[in-house]
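Novice: This structure is in structure tokens; I'll ask about it shortly.
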Amino acid sequence: MVAGNLHPLVKLNLVLLLFFLIFGGLYLASDFLIPLAFAGIFAMLMSPLSAKLEGIGFNKALASFVCILLLVLVFTGIGTLLSTQIASFTEDLPQIEQEINKQLISLQGFFHETFGISPEEQQKIVKEGSSSESGGLSSIILSFIDSSTGAMANALLVLVYMFLLLYYRSRFPIFILKVVSEDQEERAQHVIQESSQVAQKYLIGRGILIVILAVLYSAGLTIAGLDNALFLSAIAALLTIIPYVGNIIGFSLLMLMALAQGEGSQMYLSILIIFSIVQLIESYVLEPFVVGAEVDIHPFFTVVIIIVGEQIWGVAGMILAIPMLAIVKIIFSHIDFMSPYAYLIGDTRDKKRSRASDKIKNWFSHT
């Protein structure tokens with residue numbers, strides 16, 4: 001019995017069962033799959049450069065090594081820029097912690113006067129609601145640094161995988177074409193090309209967007225007078241790699257630093273205005289022109305896949321969720337009985353917005 005002859009309800013149940021099996025496998029094999037997934041995404045990003053280097057006379061090994069070296073230099077440069085800001089930020093940590101404690105004490109007084117809850121009862125509620133004890137802001141930063149050592153080890157593994165994927169990249173499309181039937185080869189080639197292109201365009205567009213947002217945030221927050229504005233702007237911009245959730249975390253971080261600075265309601269209002277203006281620019285100018293509609297995922301499923309990614313792979317899953325879902329959508333769109341699911345998770349509004357932006361770009365190009 002072929003899939004086309006199955007009852008729609010049976011097909012739906014089979015698809016749901018397949019999803020549960022896939023998500024379960026992704027969770028159980030997370031330690032192995034996370035570095036491999038990052039390597040695959042980065043390999044898709046750097047494969048055009050590797051091909052160009054090979055075209056001008058580089059052998060495969062040297063071309064793959066140059067691509068990896070370039071990627072490492074980019075991340076090293078970002079880390080160097082951040083480290084200079086981290087040094088001044090860590091010097092201010094004790095003062096920031098003291099200011100936060102003062103604000104918390106005044107907040108406890110407000111709750112005591114307004115709701116009649118004593119500071120002791122408030123502390124008891126906080127302790128009962130927290131799953132683990134906190135040693136202060138400094139200990140949180142230190143624990144984050146300690147946990148990043150495992151990420152550094154995985155980063156080395158990502159580079160090894162990436163080299164191998166770039167070096168043997170021609171074997172994987174050939175393997176896929178050998179697996180599918182002859183009448184499906186053309187469709188399979190489209191899937192391979194579109195999947196590679198969507199990863200490339202998304203990462204490049206997202207990288208440019210992060211740089212622009214960092215500049216906008218730093219300019220606004222510096223004018224507003226927020227301490228460590230450059231460092232906080234870079235962090236807020238980097239967090240946007242996680243759609244929706246990253247913006248919420250970034251805004252909360254900026255408001256927390258304003259609270260620690262103790263400048264009062266004027267600083268909160270300034271940050272709110274700056275953040276709102278930058279978000280409007282990002283949504284209606286930068287997103288359609290810089291990132292485009294290559295990853296046309298419906299906002300509902302964007303949020304859902306980010307939550308699912310966090311549950312399965314943690315922070316890495318939140319970062320990888322969008323490009324991986326975009327690739328899955330491309331695959332679904334080229335399979336007849338799965339095409340309705342591609343339509344479900346897609347967002348036609350992005351396509352319309354992309355056409356409008358393309359027209360405006362054409363206007364400027366003809367002038």
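Chain lettering (A, B, ...) mirrors the order of the structure tokens, residue numbering begins at 1 for each chain separately, and ligand numbering begins at 1 in order of display.
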Give me, as a PyMOL selection string, all polymer residues having an atom no more than 10 Å from Ser30 of chain A, counting only C-alpha atoms and skipping those fewer than 4 positions away in the same chain.

Specialist: chain A and resi 24-26+34-37+312-314+316-317

Novice: Name all residues at most 12 Å from Glu54 of chain A (count only C-alpha atoms; drop same-chain ones fewer than 4 positions away) and give them as a list in words.

Specialist: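 My reading of the contact set: Ser47, Pro48, Leu49, Ser50, Phe58, Asn59, Lys60, Ala61, Leu62, Ala63, Ser64, Phe65, Val66, Cys67, Leu166 and Tyr167 of chain A.
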
Novice: If you measure from atom CA of Met318 of chain A to atom CA of Ala342 of chain A, what distance in Å do you get, rounded to one decimal?

Specialist: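 Answer for the atom CA of Met318 of chain A to atom CA of Ala342 of chain A separation: 20.3 Å.
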
Novice: At most 12 Å is the cut-off: for each residue in segment 171-204 of chain A with any atom that close to an atom of segment 208-219 of chain A, write down the nearest atom pair and the distance in Å rounded to one decimal, counting only C-alpha atoms, chain first then increasing number, as JSON lines.

Specialist:
```
{"residue": "A:Lys201", "atom": "CA", "partner": "A:Ile208", "partner_atom": "CA", "distance": 10.6}
{"residue": "A:Tyr202", "atom": "CA", "partner": "A:Ile208", "partner_atom": "CA", "distance": 10.0}
{"residue": "A:Leu203", "atom": "CA", "partner": "A:Ile208", "partner_atom": "CA", "distance": 8.6}
{"residue": "A:Ile204", "atom": "CA", "partner": "A:Ile208", "partner_atom": "CA", "distance": 6.3}
```

Novice: Please produce a file of those selected residues containing N, CA, C and O atoms, as a short mmCIF file (atom, residue, chain, number, x, y, z; two decimals), in the first residue's frame.

Specialist:
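Saved result, out.cif, follows:
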```cif
data_model
loop_
_atom_site.label_atom_id
_atom_site.label_comp_id
_atom_site.auth_asym_id
_atom_site.auth_seq_id
_atom_site.Cartn_x
_atom_site.Cartn_y
_atom_site.Cartn_z
N LYS A 201 22.23 32.09 2.84
CA LYS A 201 21.60 33.41 2.86
C LYS A 201 21.14 33.79 4.27
O LYS A 201 21.23 34.96 4.67
N TYR A 202 20.65 32.79 5.01
CA TYR A 202 20.18 33.10 6.36
C TYR A 202 21.34 33.52 7.26
O TYR A 202 21.25 34.52 7.98
N LEU A 203 22.45 32.76 7.24
CA LEU A 203 23.58 33.07 8.11
C LEU A 203 24.24 34.38 7.73
O LEU A 203 24.60 35.19 8.60
N ILE A 204 24.42 34.62 6.43
CA ILE A 204 25.03 35.87 6.00
C ILE A 204 24.14 37.06 6.36
O ILE A 204 24.59 38.07 6.91
#
```
